[in-house]
Amino acid sequence: ARRMEARDSVGSAGYFLAMLRLLVPLLGVYIFVFKRNVLWPALVVLGCLGSFSYDGTKSSILYLILFVIFAVSLKRNSLAIWLLSAVVAINSIAVAEDFVTGRALVLDYIVRRAFVVPGWLSSIYWSFDADPNLRNLTYDVGRTLFGDEISNANTNFMMWGWVWAGWLGGLLVAVCSGVVIYGLKYVPQARFPDLGSMMAAGCLLIWSEQFLHTSMLSSGVAMLMITALLFRMAPSGWTTFGV
């Protein structure tokens with residue numbers, strides 16, 4: 001309810017605030033890890049905390065942590081190891097918390113949210129027949145599952161393609177997402193090593209819980225693509241910003 005109230009009150013300005021969830025945290029973490037500049041990360045942390053305080057979206061904090069993992073692991077060329085270690089660590093902490101305290105806060109707020117619910121929602125979407133009228137699909141699913149008109153039950157970008165047009169829809173969505181990811185490779189690697197890879201990781205993180213087309217504006221993927229193009233056009237024009 002808090003997120004819906006914030007969304008209704010902010011209106012179209014929410015598209016600008018979406019940068020606080022993807023582009024700004026991603027660049028801030030990159031500048032800190034690769035460029036050793038501490039000013040941007042400090043501003044980013046304050047912005048993410050402010051965004052979380054405003055609309056209660058936990059991803060504002062979670063994405064910041066994941067971007068740090070992405071950046072450090074890319075710099076050390078060990079992304080797979082770091083991701084696997086993070087998953088093992090989170091689940092181990094959840095088990096230890098339950099064993100020692102009898103509570104399940106980590107299990108409820110992180111493991112359930114990050115691993116269990118997305119898979120469950122994907123299975124729900126998989127059971128839908130192909131339907132060209134997808135305007136209110138997420139709310140229809142939320143109303144059916146939870147009996148709540150404002151439950152926005154999003155799932156990953158591939159499931160939207162499946163419901164939209166079966167296997168063909170899934171293929172088209174995969175191709176379109178591939179085009180977006182391919183475009184990020186043009187961030188100059190000599191000046192900004194691994195920045196394009198971080199941007200791609202950010203997109204895939206968003207798409208793990210949101211449809212491709214809605215992510216463009218509401219989650220700032222389009223702004224990420226524009227920024228990648230600007231880095232390509234003026235690779236030396238970011239010195240003022242400490243990049």
# chains A, B, ... in the order shown; residues from 1 in each chain; ligands from 1
call {"tool": "residues_around", "arguments": {"residues": "A:Asp194", "least_positions_apart": "2", "cutoff": "9 Å", "atoms": "only C-alpha atoms", "output": "ChimeraX atom specification"}}
result
/A:30,71,74-75,187,189,192,196-199
call {"tool": "select_by_dssp", "arguments": {"residues": "stretch 103-220 of chain A", "states": "alpha helix (DSSP H)", "output": "JSON, numbers by chain"}}
result
{"A": [105, 106, 117, 118, 119, 120, 121, 122, 123, 124, 125, 126, 137, 138, 139, 140, 141, 142, 143, 144, 145, 146, 157, 158, 159, 160, 161, 162, 163, 164, 165, 166, 167, 168, 169, 170, 171, 172, 173, 174, 175, 176, 177, 178, 179, 180, 181, 182, 183, 195, 196, 197, 198, 199, 200, 201, 202, 203, 204, 205, 206, 207, 212, 213, 214, 215, 216, 217, 218]}
call {"tool": "residues_around", "arguments": {"residues": "stretch 157-159 of chain A", "least_positions_apart": "5", "cutoff": "8 Å", "atoms": "only C-alpha atoms", "output": "count of residues only"}}
result
12
call {"tool": "residues_around", "arguments": {"residues": "stretch 82-84 of chain A", "least_positions_apart": "3", "cutoff": "9 Å", "atoms": "only C-alpha atoms", "output": "CSV table (one decimal) with N, CA and C atoms, in the first residue's frame"}}
result
chain,number,residue,atom,x,y,z
A,69,ILE,N,28.8,-6.3,-5.1
A,69,ILE,CA,29.3,-7.7,-5.4
A,69,ILE,C,29.6,-7.8,-6.9
A,70,PHE,N,28.8,-7.2,-7.8
A,70,PHE,CA,29.1,-7.3,-9.2
A,70,PHE,C,30.4,-6.6,-9.5
A,72,VAL,N,33.1,-5.7,-7.6
A,72,VAL,CA,34.3,-6.3,-7.0
A,72,VAL,C,34.6,-7.6,-7.7
A,73,SER,N,33.6,-8.4,-8.0
A,73,SER,CA,33.8,-9.7,-8.7
A,73,SER,C,34.3,-9.5,-10.2
A,78,SER,N,36.0,-12.8,-11.2
A,78,SER,CA,35.5,-14.0,-10.5
A,78,SER,C,34.0,-13.8,-10.2
A,79,LEU,N,33.3,-13.4,-11.2
A,79,LEU,CA,31.8,-13.1,-10.9
A,79,LEU,C,31.1,-14.3,-10.5
A,87,VAL,N,25.2,-16.4,-2.5
A,87,VAL,CA,24.0,-17.2,-2.3
A,87,VAL,C,24.2,-18.2,-1.1
A,88,VAL,N,25.3,-18.9,-1.1
A,88,VAL,CA,25.6,-19.9,0.0
A,88,VAL,C,25.6,-19.2,1.3
A,89,ALA,N,26.3,-18.0,1.4
A,89,ALA,CA,26.4,-17.2,2.6
A,89,ALA,C,25.0,-16.8,3.2
call {"tool": "residues_around", "arguments": {"residues": "A:Leu23", "least_positions_apart": "4", "cutoff": "8 Å", "atoms": "only C-alpha atoms", "output": "number ranges by chain"}}
result
A: 19, 27, 220-221, 223-224
call {"tool": "residues_around", "arguments": {"residues": "stretch 175-183 of chain A", "least_positions_apart": "2", "cutoff": "8 Å", "atoms": "only C-alpha atoms", "output": "MDAnalysis selection string"}}
result
chainID A and resid 171:173 185:186 200 203 212 225 228
call {"tool": "write_last_selection", "arguments": {"atoms": "N, CA, C and O atoms", "output": "mmCIF file, in the first residue's frame"}}
result
data_model
loop_
_atom_site.group_PDB
_atom_site.id
_atom_site.type_symbol
_atom_site.label_atom_id
_atom_site.label_comp_id
_atom_site.auth_asym_id
_atom_site.auth_seq_id
_atom_site.Cartn_x
_atom_site.Cartn_y
_atom_site.Cartn_z
ATOM 1 N N LEU A 171 10.702 -16.073 -27.390
ATOM 2 C CA LEU A 171 11.846 -15.898 -28.271
ATOM 3 C C LEU A 171 12.041 -14.436 -28.642
ATOM 4 O O LEU A 171 13.170 -13.918 -28.619
ATOM 5 N N LEU A 172 10.955 -13.733 -28.974
ATOM 6 C CA LEU A 172 11.056 -12.330 -29.359
ATOM 7 C C LEU A 172 11.549 -11.465 -28.204
ATOM 8 O O LEU A 172 12.373 -10.564 -28.384
ATOM 9 N N VAL A 173 11.046 -11.741 -27.001
ATOM 10 C CA VAL A 173 11.495 -10.986 -25.829
ATOM 11 C C VAL A 173 12.979 -11.233 -25.577
ATOM 12 O O VAL A 173 13.738 -10.316 -25.256
ATOM 13 N N LYS A 185 27.846 -3.060 -24.858
ATOM 14 C CA LYS A 185 29.249 -3.410 -25.083
ATOM 15 C C LYS A 185 30.050 -2.249 -25.647
ATOM 16 O O LYS A 185 31.278 -2.272 -25.641
ATOM 17 N N TYR A 186 29.352 -1.213 -26.122
ATOM 18 C CA TYR A 186 30.051 -0.102 -26.746
ATOM 19 C C TYR A 186 30.556 0.926 -25.744
ATOM 20 O O TYR A 186 31.118 1.946 -26.135
ATOM 21 N N ALA A 200 25.015 -4.389 -17.967
ATOM 22 C CA ALA A 200 24.284 -5.582 -18.391
ATOM 23 C C ALA A 200 23.795 -6.370 -17.191
ATOM 24 O O ALA A 200 22.653 -6.848 -17.168
ATOM 25 N N CYS A 203 20.758 -4.660 -15.796
ATOM 26 C CA CYS A 203 19.559 -4.944 -16.596
ATOM 27 C C CYS A 203 18.992 -6.322 -16.263
ATOM 28 O O CYS A 203 17.782 -6.483 -16.064
ATOM 29 N N LEU A 212 10.214 -6.723 -19.720
ATOM 30 C CA LEU A 212 11.187 -5.972 -20.514
ATOM 31 C C LEU A 212 10.681 -4.578 -20.858
ATOM 32 O O LEU A 212 11.374 -3.574 -20.653
ATOM 33 N N MET A 225 20.738 2.832 -21.206
ATOM 34 C CA MET A 225 21.170 2.723 -22.592
ATOM 35 C C MET A 225 21.660 4.074 -23.124
ATOM 36 O O MET A 225 22.675 4.150 -23.818
ATOM 37 N N ALA A 228 25.082 4.782 -21.680
ATOM 38 C CA ALA A 228 26.109 3.984 -22.359
ATOM 39 C C ALA A 228 26.497 4.635 -23.678
ATOM 40 O O ALA A 228 27.685 4.677 -24.053
#
call {"tool": "closest_residue", "arguments": {"among": "A:Val95, A:Ile81, A:Val33, A:Val117", "to": "A:Thr155", "atoms": "only C-alpha atoms"}}
result
A:Val117
